[in-house]
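Have a look at model_37.pdb; it's PDB, C-alpha atoms:
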ATOM      1  CA  LYS A 255     114.447 172.444 287.217
ATOM      2  CA  GLN A 256     111.529 172.196 289.631
ATOM      3  CA  GLU A 257     110.812 175.258 291.743
ATOM      4  CA  VAL A 258     108.307 175.372 294.575
ATOM      5  CA  THR A 259     106.970 178.680 295.828
ATOM      6  CA  GLN A 260     104.838 179.348 298.876
ATOM      7  CA  ILE A 261     102.755 182.443 299.403
ATOM      8  CA  PRO A 262     102.505 184.193 301.771
ATOM      9  CA  ALA A 263     105.822 183.863 303.581
ATOM     10  CA  ALA A 264     104.113 184.791 306.840
ATOM     11  CA  LEU A 265     100.548 185.115 308.006
ATOM     12  CA  SER A 266      99.022 186.273 311.283
ATOM     13  CA  VAL A 267      95.295 185.875 311.890
ATOM     14  CA  PRO A 268      92.931 185.867 314.873
ATOM     15  CA  GLU A 269      91.809 182.571 316.334
ATOM     16  CA  GLY A 270      88.724 181.077 314.714
ATOM     17  CA  GLU A 271      89.352 182.324 311.190
ATOM     18  CA  ASN A 272      89.489 180.067 308.171
ATOM     19  CA  LEU A 273      92.656 180.495 306.111
ATOM     20  CA  VAL A 274      94.337 179.369 302.932
ATOM     21  CA  LEU A 275      98.007 178.744 302.301
ATOM     22  CA  ASN A 276      99.247 178.596 298.730
ATOM     23  CA  CYS A 277     101.887 176.506 297.013
ATOM     24  CA  SER A 278     102.899 176.560 293.368
ATOM     25  CA  PHE A 279     105.325 174.416 291.381
ATOM     26  CA  THR A 280     106.800 174.766 287.926
ATOM     27  CA  ASP A 281     106.962 171.177 286.629
ATOM     28  CA  SER A 282     103.803 169.066 286.708
ATOM     29  CA  ALA A 283     105.706 165.743 286.397
ATOM     30  CA  ILE A 284     105.337 164.893 290.072
ATOM     31  CA  TYR A 285     104.436 161.759 291.971
ATOM     32  CA  ASN A 286     102.673 163.606 294.748
ATOM     33  CA  LEU A 287     102.532 166.781 296.782
ATOM     34  CA  GLN A 288     102.856 166.841 300.536
ATOM     35  CA  TRP A 289     102.102 169.400 303.208
ATOM     36  CA  PHE A 290     104.172 169.368 306.382
ATOM     37  CA  ARG A 291     104.146 171.266 309.618
ATOM     38  CA  GLN A 292     107.301 172.292 311.460
ATOM     39  CA  ASP A 293     107.305 173.663 314.990
ATOM     40  CA  PRO A 294     110.294 175.757 316.147
ATOM     41  CA  GLY A 295     113.280 173.544 316.890
ATOM     42  CA  LYS A 296     111.289 170.444 316.059
ATOM     43  CA  GLY A 297     111.145 167.958 313.206
ATOM     44  CA  LEU A 298     108.657 167.679 310.385
ATOM     45  CA  THR A 299     105.118 166.411 310.789
ATOM     46  CA  SER A 300     103.379 165.169 307.673
ATOM     47  CA  LEU A 301      99.888 166.625 307.381
ATOM     48  CA  LEU A 302      98.521 165.532 304.028
ATOM     49  CA  LEU A 303      99.790 163.747 300.936
ATOM     50  CA  ILE A 304      97.985 164.137 297.617
ATOM     51  CA  GLN A 305      98.878 161.658 294.889
ATOM     52  CA  SER A 306      99.303 163.156 291.430
ATOM     53  CA  SER A 307      96.049 161.516 290.298
ATOM     54  CA  GLN A 308      94.052 162.982 293.175
ATOM     55  CA  ARG A 309      92.416 166.382 293.500
ATOM     56  CA  GLU A 310      92.193 166.742 297.258
ATOM     57  CA  GLN A 311      92.742 165.189 300.659
ATOM     58  CA  THR A 312      91.129 165.962 303.999
ATOM     59  CA  SER A 313      92.193 165.389 307.563
ATOM     60  CA  GLY A 314      90.153 166.922 310.333
ATOM     61  CA  ARG A 315      90.164 170.699 309.922
ATOM     62  CA  LEU A 316      92.678 170.501 307.082
ATOM     63  CA  ASN A 317      91.886 170.210 303.406
ATOM     64  CA  ALA A 318      94.498 170.215 300.667
ATOM     65  CA  SER A 319      93.777 170.528 296.976
ATOM     66  CA  LEU A 320      95.960 169.840 293.962
ATOM     67  CA  ASP A 321      95.637 171.218 290.450
ATOM     68  CA  LYS A 322      98.550 169.562 288.712
ATOM     69  CA  SER A 323      97.912 171.141 285.332
ATOM     70  CA  SER A 324      98.218 174.646 286.723
ATOM     71  CA  GLY A 325     100.932 173.720 289.201
ATOM     72  CA  ARG A 326      99.040 174.792 292.286
ATOM     73  CA  SER A 327      98.033 173.459 295.667
ATOM     74  CA  THR A 328      96.190 175.059 298.550
ATOM     75  CA  LEU A 329      96.024 174.086 302.205
ATOM     76  CA  TYR A 330      92.782 175.178 303.827
ATOM     77  CA  ILE A 331      92.671 175.358 307.632
ATOM     78  CA  ALA A 332      89.221 175.721 309.139
ATOM     79  CA  ALA A 333      88.471 177.347 312.473
ATOM     80  CA  SER A 334      92.111 178.115 313.252
ATOM     81  CA  GLN A 335      93.460 177.614 316.766
ATOM     82  CA  PRO A 336      96.584 178.955 318.533
ATOM     83  CA  GLY A 337      97.982 175.412 318.405
ATOM     84  CA  ASP A 338      98.023 175.678 314.623
ATOM     85  CA  SER A 339     100.849 178.215 314.881
ATOM     86  CA  ALA A 340     103.836 176.745 313.055
ATOM     87  CA  THR A 341     105.653 176.864 309.738
ATOM     88  CA  TYR A 342     103.839 175.019 306.971
ATOM     89  CA  LEU A 343     105.936 173.508 304.214
ATOM     90  CA  CYS A 344     104.853 172.269 300.832
ATOM     91  CA  ALA A 345     106.945 169.721 298.920
ATOM     92  CA  VAL A 346     106.592 167.876 295.623
ATOM     93  CA  GLN A 347     108.067 164.446 295.039
ATOM     94  CA  GLU A 348     109.672 163.833 291.669
ATOM     95  CA  GLY A 349     112.444 162.251 289.712
ATOM     96  CA  SER A 350     114.349 158.979 289.705
ATOM     97  CA  ASN A 351     115.509 159.715 293.265
ATOM     98  CA  TYR A 352     111.927 160.243 294.455
ATOM     99  CA  GLN A 353     113.268 163.341 296.148
ATOM    100  CA  LEU A 354     111.182 166.029 297.757
ATOM    101  CA  ILE A 355     111.586 169.552 296.400
ATOM    102  CA  TRP A 356     110.584 172.048 299.044
ATOM    103  CA  GLY A 357     108.998 175.441 299.252
ATOM    104  CA  ALA A 358     110.404 177.984 301.692
ATOM    105  CA  GLY A 359     107.372 177.701 303.953
ATOM    106  CA  THR A 360     104.630 179.913 305.365
ATOM    107  CA  LYS A 361     105.046 180.976 308.981
ATOM    108  CA  LEU A 362     101.587 181.003 310.521
ATOM    109  CA  ILE A 363     100.700 182.752 313.760
ATOM    110  CA  ILE A 364      97.219 182.348 315.225
ATOM    111  CA  LYS A 365      96.468 185.038 317.789
ATOM    112  CA  PRO A 366      94.306 184.046 320.759
TER     113      PRO A 366
ATOM    114  CA  GLY B 208     106.899 150.374 315.938
ATOM    115  CA  ALA B 209     109.379 153.141 316.413
ATOM    116  CA  GLY B 210     109.717 155.976 313.973
ATOM    117  CA  VAL B 211     112.866 157.199 312.278
ATOM    118  CA  SER B 212     115.595 157.955 314.781
ATOM    119  CA  GLN B 213     118.717 160.051 314.360
ATOM    120  CA  SER B 214     121.791 160.516 316.460
ATOM    121  CA  PRO B 215     123.236 162.621 317.825
ATOM    122  CA  SER B 216     120.449 165.157 318.236
ATOM    123  CA  ASN B 217     123.007 167.944 318.508
ATOM    124  CA  LYS B 218     126.629 168.088 317.453
ATOM    125  CA  VAL B 219     129.068 170.932 317.907
ATOM    126  CA  THR B 220     132.382 170.506 316.151
ATOM    127  CA  GLU B 221     135.387 172.581 315.291
ATOM    128  CA  LYS B 222     136.076 173.591 311.741
ATOM    129  CA  GLY B 223     138.195 170.994 310.000
ATOM    130  CA  LYS B 224     137.008 168.021 312.046
ATOM    131  CA  ASP B 225     135.102 165.069 310.593
ATOM    132  CA  VAL B 226     131.594 164.192 311.793
ATOM    133  CA  GLU B 227     129.308 161.202 311.394
ATOM    134  CA  LEU B 228     125.548 161.449 311.548
ATOM    135  CA  ARG B 229     123.437 158.346 311.997
ATOM    136  CA  CYS B 230     119.947 157.455 310.833
ATOM    137  CA  ASP B 231     117.865 154.437 311.839
ATOM    138  CA  PRO B 232     114.897 154.113 309.486
ATOM    139  CA  ILE B 233     111.533 152.564 310.200
ATOM    140  CA  SER B 234     111.833 148.784 310.135
ATOM    141  CA  GLY B 235     110.906 147.421 306.728
ATOM    142  CA  HIS B 236     111.425 150.697 304.889
ATOM    143  CA  THR B 237     113.707 150.061 301.945
ATOM    144  CA  ALA B 238     114.098 153.677 300.849
ATOM    145  CA  LEU B 239     116.094 156.182 302.880
ATOM    146  CA  TYR B 240     116.692 159.879 302.232
ATOM    147  CA  TRP B 241     118.943 162.569 303.627
ATOM    148  CA  TYR B 242     118.003 166.260 303.527
ATOM    149  CA  ARG B 243     119.612 169.392 304.912
ATOM    150  CA  GLN B 244     117.856 172.435 306.334
ATOM    151  CA  SER B 245     120.020 175.497 306.672
ATOM    152  CA  LEU B 246     119.222 179.127 307.380
ATOM    153  CA  GLY B 247     118.654 181.015 304.201
ATOM    154  CA  GLN B 248     118.694 177.864 302.067
ATOM    155  CA  GLY B 249     115.592 176.057 303.184
ATOM    156  CA  LEU B 250     115.353 172.304 302.801
ATOM    157  CA  GLU B 251     117.449 170.557 300.185
ATOM    158  CA  PHE B 252     117.772 166.950 299.099
ATOM    159  CA  LEU B 253     121.158 165.297 299.591
ATOM    160  CA  ILE B 254     120.941 161.601 298.719
ATOM    161  CA  TYR B 255     118.571 158.655 298.306
ATOM    162  CA  PHE B 256     119.190 154.989 299.063
ATOM    163  CA  GLN B 257     117.194 152.078 297.730
ATOM    164  CA  GLY B 258     118.407 149.206 299.835
ATOM    165  CA  ASN B 259     122.144 149.751 300.206
ATOM    166  CA  SER B 260     122.549 151.491 296.868
ATOM    167  CA  ALA B 261     122.578 155.194 296.148
ATOM    168  CA  PRO B 262     121.918 155.510 292.391
ATOM    169  CA  ASP B 263     122.661 159.212 292.243
ATOM    170  CA  LYS B 264     125.009 161.114 294.541
ATOM    171  CA  SER B 265     124.830 164.422 292.686
ATOM    172  CA  GLY B 266     122.797 166.066 295.464
ATOM    173  CA  LEU B 267     125.709 165.922 297.873
ATOM    174  CA  PRO B 268     127.073 169.496 298.106
ATOM    175  CA  SER B 269     130.764 168.617 297.861
ATOM    176  CA  ASP B 270     133.175 165.693 297.853
ATOM    177  CA  ARG B 271     133.608 166.209 301.591
ATOM    178  CA  PHE B 272     130.186 164.624 301.999
ATOM    179  CA  SER B 273     129.650 160.880 301.766
ATOM    180  CA  ALA B 274     126.942 158.483 302.841
ATOM    181  CA  GLU B 275     126.547 154.787 303.186
ATOM    182  CA  ARG B 276     123.880 152.344 304.180
ATOM    183  CA  THR B 277     124.500 148.856 305.446
ATOM    184  CA  GLY B 278     122.213 145.863 305.787
ATOM    185  CA  GLY B 279     119.425 147.821 304.156
ATOM    186  CA  SER B 280     118.923 149.603 307.448
ATOM    187  CA  VAL B 281     121.170 152.088 309.248
ATOM    188  CA  SER B 282     122.694 154.923 307.252
ATOM    189  CA  THR B 283     125.620 157.170 308.093
ATOM    190  CA  LEU B 284     126.254 160.602 306.605
ATOM    191  CA  THR B 285     129.883 161.628 306.963
ATOM    192  CA  ILE B 286     131.194 165.143 306.531
ATOM    193  CA  GLN B 287     134.963 165.464 306.309
ATOM    194  CA  ARG B 288     136.916 168.617 307.121
ATOM    195  CA  THR B 289     133.791 170.444 308.243
ATOM    196  CA  GLN B 290     133.282 174.075 307.276
ATOM    197  CA  GLN B 291     131.073 176.699 308.893
ATOM    198  CA  GLU B 292     128.686 176.564 305.945
ATOM    199  CA  ASP B 293     127.980 172.936 306.850
ATOM    200  CA  SER B 294     126.097 174.146 309.924
ATOM    201  CA  ALA B 295     122.504 173.024 309.458
ATOM    202  CA  VAL B 296     119.901 170.540 310.592
ATOM    203  CA  TYR B 297     120.363 167.212 308.828
ATOM    204  CA  LEU B 298     117.150 165.296 308.393
ATOM    205  CA  CYS B 299     116.689 161.661 307.513
ATOM    206  CA  ALA B 300     113.525 160.116 306.126
ATOM    207  CA  SER B 301     112.473 156.635 305.144
ATOM    208  CA  SER B 302     109.683 155.122 303.105
ATOM    209  CA  LEU B 303     108.428 151.853 301.751
ATOM    210  CA  GLU B 304     109.787 151.069 298.336
ATOM    211  CA  PRO B 305     108.661 153.770 295.911
ATOM    212  CA  GLY B 306     105.870 152.352 293.802
ATOM    213  CA  THR B 307     104.071 150.926 296.800
ATOM    214  CA  SER B 308     103.934 153.966 299.027
ATOM    215  CA  TYR B 309     105.772 157.201 298.471
ATOM    216  CA  GLU B 310     105.167 158.929 301.808
ATOM    217  CA  GLN B 311     108.391 159.806 303.556
ATOM    218  CA  TYR B 312     108.566 159.690 307.341
ATOM    219  CA  PHE B 313     111.052 162.032 308.943
ATOM    220  CA  GLY B 314     113.323 161.740 311.925
ATOM    221  CA  PRO B 315     113.858 164.575 314.431
ATOM    222  CA  GLY B 316     117.090 165.663 312.785
ATOM    223  CA  THR B 317     120.655 166.305 313.881
ATOM    224  CA  ARG B 318     121.578 169.925 314.487
ATOM    225  CA  LEU B 319     125.198 170.417 313.426
ATOM    226  CA  THR B 320     127.088 173.517 314.479
ATOM    227  CA  VAL B 321     130.588 174.082 313.126
ATOM    228  CA  THR B 322     132.574 176.621 315.124
TER     229      THR B 322
END
Could the structure of this file be written out as structure tokens, please?
Amino acid sequence: KQEVTQIPAALSVPEGENLVLNCSFTDSAIYNLQWFRQDPGKGLTSLLLIQSSQREQTSGRLNASLDKSSGRSTLYIAASQPGDSATYLCAVQEGSNYQLIWGAGTKLIIKP
Amino acid sequence: GAGVSQSPSNKVTEKGKDVELRCDPISGHTALYWYRQSLGQGLEFLIYFQGNSAPDKSGLPSDRFSAERTGGSVSTLTIQRTQQEDSAVYLCASSLEPGTSYEQYFGPGTRLTVT
């Protein structure tokens, strides 16, 4: 059974710092891995999707990597801003239902 | 075009009542998914539709839960005889047919509170 783990559970850093969020998964038979952002009381915003054949994806200040063989992904946020404060969720897509299996999230606080 | 929409945005119901949650997917998206986000449980998959068919309903937490999709578009998630543990945010997502594009686009969710 696929398990997705995110470390750390919470992170607080000063504005301007570069940071890395980690995601690991136990079964490498995935279609893709996605990173989402969730603001309090709001829905999910897709940030990056990495296909299983890809190694990384970039969007603006965000860069996500995927090492399928080791079951790991990282989300790198450059030059963090207070507006980046949110919960970041990692999910892998797998199976005949193409379902997303989710990590518990990393709650990120960027201090001005 | 519009994104995925869900209604109602909030629903408060008494224990034992039935509720219906609605999802309108992005036009042209053949795949539709329901997820649940509850405190202490995180996000969990409930059911997947390809067109009007749900090949596997094993993700539904109990037989009080059912879902249908009509016309390859709107989907309804029904919870019968609601219990307090059903309180959660119910999220719907849609995508193009898997195999062409797997990215799932999420609606804003329905927050269900069972009192």
Inset, instruction - Residues of chain A near chain B: apply a cut-off of 10 Å, count all atoms listed in the file, and supply the list as a count of residues only. - result: 27
Inset, instruction - Please indicate the distance in Å from CA of Glu310 in chain A to CA of Val211 in chain B, rounded to one decimal place. - result: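 The value is 27.3 Å.
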Legend entry - Answer key for the PyMOL selection byres ((chain A and resi 329) around 7), residues as a list in words: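 Output from the PyMOL selection byres ((chain A and resi 329) around 7), applied to this file: Val274, Leu275, Asn276, Leu316, Asn317, Ala318, Ser319, Ser327, Thr328, Tyr330 and Ile331 of chain A.
Proximity of A:Arg315, A:Arg291, A:Lys365, A:Glu257 to Cys277 in chain A, computed with only C-alpha atoms, is greatest for A:Glu257.
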Inset, instruction - Check the smallest atom-to-atom distance from each of A:Val346, A:Val267, A:Ala333, A:Ile261 to Trp289 in chain A using all atoms listed in the file, then report the winner. - result: A:Val346
Inset, instruction - Skip His236 in chain B itself and residues of its chain fewer than 6 positions away, then list as a PyMOL selection string all residues within 7 Å of it, counting only C-alpha atoms. - result: chain B and resi 301-304
Inset, instruction - List the residues selected by the PyMOL selection byres ((chain A and resi 324) around 10) in the file shown, writing them as number ranges by chain. - result: A: 278-282, 320-323, 325-327
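One finds CA of Cys230 in chain B at 12.8 Å from CA of Gly278 in chain B.
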Inset, instruction - Kindly resolve the PyMOL selection byres ((chain B and resi 273) around 10) on the present coordinates and return the residues as a PyMOL selection string. - result: chain B and resi 227+253-254+264+267-272+274-275+283-287
Inset, instruction - Take CA of Ser265 in chain B and CA of Gly349 in chain A and report the distance between them in Å, one decimal. - result: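 Those two atoms sit 12.9 Å apart.
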Legend entry - From B:Ser282, B:Asn259, B:Thr320, B:Ser245, residue lying nearest Cys299 in chain B [all atoms listed in the file]: B:Ser282
Legend entry - Answer as a list in words, residues within 9 Å of (92.1, 180.0, 314.9) using all atoms listed in the file: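 So the residues meeting the distance criterion are Val267, Pro268, Glu269, Gly270, Glu271, Asn272, Leu273, Ile331, Ala332, Ala333, Ser334, Gln335, Pro336, Gly337, Asp338, Ser339, Ile364, Lys365 and Pro366 of chain A.
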Residue completion, range 337-348 of chain A, all heavy atoms, as a PDB file, in the frame of the given file:
ATOM      1  N   GLY A 337      97.127 176.582 318.595  1.00  0.00           N
ATOM      2  CA  GLY A 337      97.982 175.412 318.405  1.00  0.00           C
ATOM      3  C   GLY A 337      98.345 175.142 316.962  1.00  0.00           C
ATOM      4  O   GLY A 337      99.238 174.327 316.687  1.00  0.00           O
ATOM      5  N   ASP A 338      97.686 175.823 316.045  1.00  0.00           N
ATOM      6  CA  ASP A 338      98.023 175.678 314.623  1.00  0.00           C
ATOM      7  C   ASP A 338      99.241 176.519 314.247  1.00  0.00           C
ATOM      8  O   ASP A 338      99.753 176.408 313.129  1.00  0.00           O
ATOM      9  CB  ASP A 338      96.840 176.099 313.740  1.00  0.00           C
ATOM     10  CG  ASP A 338      95.635 175.187 313.893  1.00  0.00           C
ATOM     11  OD1 ASP A 338      95.815 173.994 314.185  1.00  0.00           O
ATOM     12  OD2 ASP A 338      94.501 175.690 313.716  1.00  0.00           O
ATOM     13  N   SER A 339      99.689 177.364 315.155  1.00  0.00           N
ATOM     14  CA  SER A 339     100.849 178.215 314.881  1.00  0.00           C
ATOM     15  C   SER A 339     102.087 177.354 314.631  1.00  0.00           C
ATOM     16  O   SER A 339     102.458 176.530 315.466  1.00  0.00           O
ATOM     17  CB  SER A 339     101.103 179.165 316.057  1.00  0.00           C
ATOM     18  OG  SER A 339      99.995 180.025 316.249  1.00  0.00           O
ATOM     19  N   ALA A 340     102.684 177.542 313.476  1.00  0.00           N
ATOM     20  CA  ALA A 340     103.836 176.745 313.055  1.00  0.00           C
ATOM     21  C   ALA A 340     104.241 177.234 311.675  1.00  0.00           C
ATOM     22  O   ALA A 340     103.598 178.111 311.104  1.00  0.00           O
ATOM     23  CB  ALA A 340     103.483 175.255 312.988  1.00  0.00           C
ATOM     24  N   THR A 341     105.300 176.633 311.140  1.00  0.00           N
ATOM     25  CA  THR A 341     105.653 176.864 309.738  1.00  0.00           C
ATOM     26  C   THR A 341     105.114 175.704 308.918  1.00  0.00           C
ATOM     27  O   THR A 341     105.320 174.537 309.275  1.00  0.00           O
ATOM     28  CB  THR A 341     107.172 176.996 309.567  1.00  0.00           C
ATOM     29  OG1 THR A 341     107.629 178.159 310.251  1.00  0.00           O
ATOM     30  CG2 THR A 341     107.535 177.113 308.088  1.00  0.00           C
ATOM     31  N   TYR A 342     104.431 176.027 307.844  1.00  0.00           N
ATOM     32  CA  TYR A 342     103.839 175.019 306.971  1.00  0.00           C
ATOM     33  C   TYR A 342     104.656 174.944 305.684  1.00  0.00           C
ATOM     34  O   TYR A 342     104.877 175.955 305.014  1.00  0.00           O
ATOM     35  CB  TYR A 342     102.373 175.362 306.692  1.00  0.00           C
ATOM     36  CG  TYR A 342     101.516 175.169 307.916  1.00  0.00           C
ATOM     37  CD1 TYR A 342     101.507 176.122 308.933  1.00  0.00           C
ATOM     38  CD2 TYR A 342     100.767 174.013 308.094  1.00  0.00           C
ATOM     39  CE1 TYR A 342     100.753 175.937 310.076  1.00  0.00           C
ATOM     40  CE2 TYR A 342     100.014 173.813 309.234  1.00  0.00           C
ATOM     41  CZ  TYR A 342     100.022 174.780 310.223  1.00  0.00           C
ATOM     42  OH  TYR A 342      99.280 174.585 311.373  1.00  0.00           O
ATOM     43  N   LEU A 343     105.083 173.743 305.376  1.00  0.00           N
ATOM     44  CA  LEU A 343     105.936 173.508 304.214  1.00  0.00           C
ATOM     45  C   LEU A 343     105.211 172.645 303.190  1.00  0.00           C
ATOM     46  O   LEU A 343     104.547 171.664 303.538  1.00  0.00           O
ATOM     47  CB  LEU A 343     107.221 172.801 304.639  1.00  0.00           C
ATOM     48  CG  LEU A 343     108.165 173.625 305.516  1.00  0.00           C
ATOM     49  CD1 LEU A 343     109.070 172.738 306.334  1.00  0.00           C
ATOM     50  CD2 LEU A 343     109.007 174.564 304.656  1.00  0.00           C
ATOM     51  N   CYS A 344     105.391 173.016 301.954  1.00  0.00           N
ATOM     52  CA  CYS A 344     104.853 172.269 300.832  1.00  0.00           C
ATOM     53  C   CYS A 344     106.034 171.632 300.099  1.00  0.00           C
ATOM     54  O   CYS A 344     107.096 172.261 299.973  1.00  0.00           O
ATOM     55  CB  CYS A 344     104.110 173.258 299.937  1.00  0.00           C
ATOM     56  SG  CYS A 344     103.815 172.749 298.264  1.00  0.00           S
ATOM     57  N   ALA A 345     105.869 170.391 299.648  1.00  0.00           N
ATOM     58  CA  ALA A 345     106.945 169.721 298.920  1.00  0.00           C
ATOM     59  C   ALA A 345     106.353 168.829 297.841  1.00  0.00           C
ATOM     60  O   ALA A 345     105.325 168.182 298.055  1.00  0.00           O
ATOM     61  CB  ALA A 345     107.807 168.885 299.861  1.00  0.00           C
ATOM     62  N   VAL A 346     107.004 168.775 296.691  1.00  0.00           N
ATOM     63  CA  VAL A 346     106.592 167.876 295.623  1.00  0.00           C
ATOM     64  C   VAL A 346     107.640 166.775 295.487  1.00  0.00           C
ATOM     65  O   VAL A 346     108.837 167.014 295.632  1.00  0.00           O
ATOM     66  CB  VAL A 346     106.402 168.606 294.276  1.00  0.00           C
ATOM     67  CG1 VAL A 346     105.278 169.623 294.382  1.00  0.00           C
ATOM     68  CG2 VAL A 346     107.677 169.268 293.806  1.00  0.00           C
ATOM     69  N   GLN A 347     107.161 165.581 295.211  1.00  0.00           N
ATOM     70  CA  GLN A 347     108.067 164.446 295.039  1.00  0.00           C
ATOM     71  C   GLN A 347     108.210 164.154 293.556  1.00  0.00           C
ATOM     72  O   GLN A 347     107.213 164.057 292.827  1.00  0.00           O
ATOM     73  CB  GLN A 347     107.547 163.214 295.771  1.00  0.00           C
ATOM     74  CG  GLN A 347     108.538 162.061 295.796  1.00  0.00           C
ATOM     75  CD  GLN A 347     108.171 160.994 296.781  1.00  0.00           C
ATOM     76  OE1 GLN A 347     107.020 160.839 297.157  1.00  0.00           O
ATOM     77  NE2 GLN A 347     109.163 160.220 297.210  1.00  0.00           N
ATOM     78  N   GLU A 348     109.446 164.011 293.098  1.00  0.00           N
ATOM     79  CA  GLU A 348     109.672 163.833 291.669  1.00  0.00           C
ATOM     80  C   GLU A 348     110.962 163.078 291.426  1.00  0.00           C
ATOM     81  O   GLU A 348     111.755 162.843 292.342  1.00  0.00           O
ATOM     82  CB  GLU A 348     109.758 165.203 290.996  1.00  0.00           C
ATOM     83  CG  GLU A 348     110.964 166.028 291.471  1.00  0.00           C
ATOM     84  CD  GLU A 348     111.286 167.202 290.553  1.00  0.00           C
ATOM     85  OE1 GLU A 348     110.379 167.723 289.871  1.00  0.00           O
ATOM     86  OE2 GLU A 348     112.465 167.598 290.520  1.00  0.00           O
TER      87      GLU A 348
END
